[in-house]
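Encoded as structure tokens, the structure appears first; notes follow it.
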There are 2 protein chains.
Amino acid sequence: MKTNSFIAGRLRESNIKPSPQRIKILEYLANYPCHPTVDRIYSALLPDMPTLSKSTVYNTLKILRDARLVREVTIEENEVHYEYAIKAHGHFRCLDCGEIYDFQADAEEINTDELRGFYITEKDIYFKGVCGQCLKRDNQTEK
Amino acid sequence: MKTNSFIAGRLRESNIKPSPQRIKILEYLANYPCHPTVDRIYSALLPDMPTLSKSTVYNTLKILRDARLVREVTIEENEVHYEYAIKAHGHFRCLDCGEIYDFQADAEEINTDELRGFYITEKDIYFKGVCGQCLKRDNQTEK
DNA sequence: TTACAAATCGATAATCATTATCGGAAAGGC
DNA sequence: GCCTTTCCGATAATGATTATCGATTTGTAA
């Protein structure tokens with residue numbers, strides 16, 4: 001569980017003023033690794049901060065992303081998900097329940113000879129399909 | 001250069017009636033491997049088919065995608081790109097000029113032990129950064 | 001050919017995530 | 001305390017995508 005002061009420190013390290021809104025948003029992402037959307041973050045924090053605006057969530061996430069404190073997960077077409085930036089990994093999205101799973105995958109191992117002379121800043125691995133839970137449920141329903 | 005009749009054949013193989021609109025759209029994707037967006041496809045075909053509607057482009061692409069004749073490339077946040085489905089490969093998007101480059105990358109080599117019991121239907125590798133051309137241009141401008 | 005049913009197409013409106021704008025509030029320096 | 005800068009929040013605007021639904025075309029059978 002990351003504390004407020006730890007989060008505030010991370011913001012200061014990146015030269016971002018630790019306002020209450022920014023602390024809360026980054027803290028939420030650090031403690032709930034559920035790849036939330038903007039709307040999800042907004043709804044989760046609203047009870048605690050009734051004056052929070054969705055614009056602020058958008059603005060803050062953009063700041064945090066530029067500082068590389070959070071990452072955008074664009075595995076879904078119509079909405080961006082966010083995650084606290086730790087070690088790089090792959091993402092799997094279940095086309096049935098929509099859940100996003102992390103899995104270890106080293107993108108550095110992918111051969112990039114063809115991209116010689118390119119400056120690569122981001123390597124995303126996005127898999128899709130049906131997760132184990134949904135497969136099991138679907139099989140039971142069939143019987 | 002893929003011919004109309006070849007394209008029509010591919011549609012029939014997938015039990016899709018080869019209407020003129022569908023042939024033109026799939027033919028465009030097969031012959032111009034530029035990862036176009038819906039709007040790009042629409043604009044390119046409009047001179048030849050003045051009555052074409054953007055709705056039809058959307059509908060047709062959805063049909064072609066479901067038949068796995070084309071793939072959606074969701075490497076950009078706000079717009080979907082399309083490509084004729086051939087051998088799987090990685091995509092690199094230049095954050096400067098927006099161009100999308102293909103590169104050989106075998107997603108099958110990525111270890112998926114953690115996804116045991118999952119049914120995987122799609123494996124996307126999306127890299128981002130700055131392409132060689134843009135790097136060169138930017139350096140010249142600096143001088 | 002004619003008639004009818006099904007599939008397809010196209011125009012318009014609706015949806016919804018995201019962005020832009022801008023006035024007001026808070027923070028920080030002097 | 002005053003002033004400047006930064007930050008926040010409400011509202012409106014944007015733009016890709018989807019939904020709707022009537023019109024057109026296609027396929028089929030008499």
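Each chain of the structure tokens is named A, B, ... in the order shown, its residues numbered from 1; ligands are numbered from 1 in display order.
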Counting only C-alpha atoms (C1' of nucleotides), chain B residues within 9 Å of chain D, as a list in words:
Tyr58, Asn78, Glu79 and Val80 of chain B
So that I have them on file, write out the residues from the current selection with all heavy atoms, as an mmCIF file, in the first residue's frame.
data_model
loop_
_atom_site.group_PDB
_atom_site.id
_atom_site.type_symbol
_atom_site.label_atom_id
_atom_site.label_comp_id
_atom_site.auth_asym_id
_atom_site.auth_seq_id
_atom_site.Cartn_x
_atom_site.Cartn_y
_atom_site.Cartn_z
ATOM 1 N N TYR B 58 -17.704 1.962 -43.037
ATOM 2 C CA TYR B 58 -17.686 1.407 -41.677
ATOM 3 C C TYR B 58 -18.263 -0.008 -41.663
ATOM 4 O O TYR B 58 -17.665 -0.933 -41.110
ATOM 5 C CB TYR B 58 -18.498 2.298 -40.729
ATOM 6 C CG TYR B 58 -17.704 3.432 -40.126
ATOM 7 C CD1 TYR B 58 -17.848 4.728 -40.594
ATOM 8 C CD2 TYR B 58 -16.801 3.201 -39.098
ATOM 9 C CE1 TYR B 58 -17.118 5.776 -40.041
ATOM 10 C CE2 TYR B 58 -16.071 4.228 -38.540
ATOM 11 C CZ TYR B 58 -16.238 5.529 -39.013
ATOM 12 O OH TYR B 58 -15.517 6.545 -38.462
ATOM 13 N N ASN B 78 -6.945 7.807 -31.287
ATOM 14 C CA ASN B 78 -8.252 8.364 -31.643
ATOM 15 C C ASN B 78 -8.827 7.884 -32.973
ATOM 16 O O ASN B 78 -9.879 8.336 -33.380
ATOM 17 C CB ASN B 78 -8.169 9.890 -31.673
ATOM 18 C CG ASN B 78 -7.276 10.360 -32.799
ATOM 19 O OD1 ASN B 78 -6.316 9.690 -33.169
ATOM 20 N ND2 ASN B 78 -7.598 11.497 -33.374
ATOM 21 N N GLU B 79 -8.129 6.997 -33.646
ATOM 22 C CA GLU B 79 -8.630 6.570 -34.942
ATOM 23 C C GLU B 79 -8.099 5.176 -35.261
ATOM 24 O O GLU B 79 -6.954 4.870 -34.991
ATOM 25 C CB GLU B 79 -8.161 7.558 -36.029
ATOM 26 C CG GLU B 79 -9.172 7.802 -37.108
ATOM 27 C CD GLU B 79 -8.724 8.947 -38.010
ATOM 28 O OE1 GLU B 79 -7.747 9.630 -37.682
ATOM 29 O OE2 GLU B 79 -9.353 9.136 -39.046
ATOM 30 N N VAL B 80 -8.940 4.357 -35.867
ATOM 31 C CA VAL B 80 -8.527 2.997 -36.208
ATOM 32 C C VAL B 80 -7.975 2.969 -37.632
ATOM 33 O O VAL B 80 -8.539 3.596 -38.525
ATOM 34 C CB VAL B 80 -9.716 2.025 -36.085
ATOM 35 C CG1 VAL B 80 -9.298 0.615 -36.467
ATOM 36 C CG2 VAL B 80 -10.281 2.038 -34.676
#
What are the residues of chain A lining chain C at 12 Å or less? Count only C-alpha atoms (C1' of nucleotides), and put the answer as a PyMOL selection string.
chain A and resi 17-20+37-39+54-55+57-59+62+77-81
Residues of chain B near chain A: apply a cut-off of 10 Å, count only C-alpha atoms, and supply the list as JSON, numbers by chain.
{"B": [72, 73, 74, 75, 76, 77, 78, 79, 80, 90, 91, 92, 93, 94, 95, 101, 102, 103, 104, 105, 106, 107, 109, 110, 111, 112, 113, 114, 115, 116, 117, 118, 119, 120, 121, 122, 123, 124, 125, 126, 127, 128, 129, 130, 131, 132, 133, 134, 135, 136]}
When DSSP works through the backbone of this structure, what residues of segment 1-107 of chain B end up as strand (DSSP E), shown as number ranges by chain?
B: 70-73, 81-84, 90-94, 100-103
Just write the chosen residues, N, CA and C atoms, as a short mmCIF file (atom, residue, chain, number, x, y, z; two decimals), in the first residue's frame.
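As written to disk, selection-v5.cif reads:
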data_model
loop_
_atom_site.label_atom_id
_atom_site.label_comp_id
_atom_site.auth_asym_id
_atom_site.auth_seq_id
_atom_site.Cartn_x
_atom_site.Cartn_y
_atom_site.Cartn_z
N VAL B 70 -9.33 -8.49 -43.26
CA VAL B 70 -8.54 -7.31 -42.91
C VAL B 70 -8.33 -7.29 -41.40
N ARG B 71 -7.33 -6.51 -40.99
CA ARG B 71 -7.06 -6.37 -39.56
C ARG B 71 -7.17 -4.91 -39.14
N GLU B 72 -7.59 -4.72 -37.92
CA GLU B 72 -7.60 -3.38 -37.36
C GLU B 72 -6.27 -3.11 -36.70
N VAL B 73 -5.71 -1.96 -36.98
CA VAL B 73 -4.45 -1.56 -36.35
C VAL B 73 -4.79 -0.40 -35.41
N HIS B 81 -6.87 2.28 -37.81
CA HIS B 81 -6.29 2.07 -39.14
C HIS B 81 -6.59 0.64 -39.57
N TYR B 82 -6.56 0.41 -40.89
CA TYR B 82 -6.86 -0.92 -41.41
C TYR B 82 -5.76 -1.42 -42.32
N GLU B 83 -5.64 -2.75 -42.39
CA GLU B 83 -4.67 -3.34 -43.31
C GLU B 83 -5.19 -4.67 -43.82
N TYR B 84 -4.79 -4.99 -45.03
CA TYR B 84 -5.08 -6.28 -45.64
C TYR B 84 -4.35 -7.35 -44.84
N GLY B 90 4.84 -6.78 -36.73
CA GLY B 90 4.75 -5.70 -35.76
C GLY B 90 4.48 -4.37 -36.45
N HIS B 91 4.02 -3.40 -35.69
CA HIS B 91 3.77 -2.07 -36.21
C HIS B 91 4.53 -1.03 -35.39
N PHE B 92 5.10 -0.08 -36.12
CA PHE B 92 5.80 1.04 -35.47
C PHE B 92 5.13 2.32 -35.92
N ARG B 93 4.74 3.16 -34.97
CA ARG B 93 4.15 4.44 -35.36
C ARG B 93 5.07 5.59 -34.96
N CYS B 94 5.35 6.45 -35.93
CA CYS B 94 6.18 7.61 -35.65
C CYS B 94 5.33 8.68 -34.99
N ILE B 100 2.86 4.83 -40.15
CA ILE B 100 2.93 3.51 -39.52
C ILE B 100 3.79 2.60 -40.37
N TYR B 101 4.82 2.02 -39.78
CA TYR B 101 5.73 1.12 -40.48
C TYR B 101 5.48 -0.31 -40.05
N ASP B 102 5.59 -1.25 -40.98
CA ASP B 102 5.56 -2.66 -40.63
C ASP B 102 6.97 -3.14 -40.33
N PHE B 103 7.11 -4.08 -39.45
CA PHE B 103 8.39 -4.76 -39.30
C PHE B 103 8.14 -6.21 -38.89
#
Among segment 30-79 of chain B, which residues does DSSP mark as alpha helix (DSSP H) when it is run on the backbone? Keep the chain and numbering as in the structure and answer as a list in words.
Ala30, Asn31, Val38, Asp39, Arg40, Ile41, Tyr42, Ser43, Ala44, Leu45, Lys54, Ser55, Thr56, Val57, Tyr58, Asn59, Thr60, Leu61, Lys62, Ile63, Leu64, Arg65 and Asp66 of chain B
By how many Å are atom CA of Asp66 of chain A and atom CA of Arg40 of chain B apart?
29.6 Å
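From atom CA of Ala44 of chain A back to atom CA of Thr56 of chain A, the distance works out to 14.0 Å.
For the pair atom CA of Ala30 of chain A and atom CA of Lys2 of chain A, the separation is 6.8 Å.
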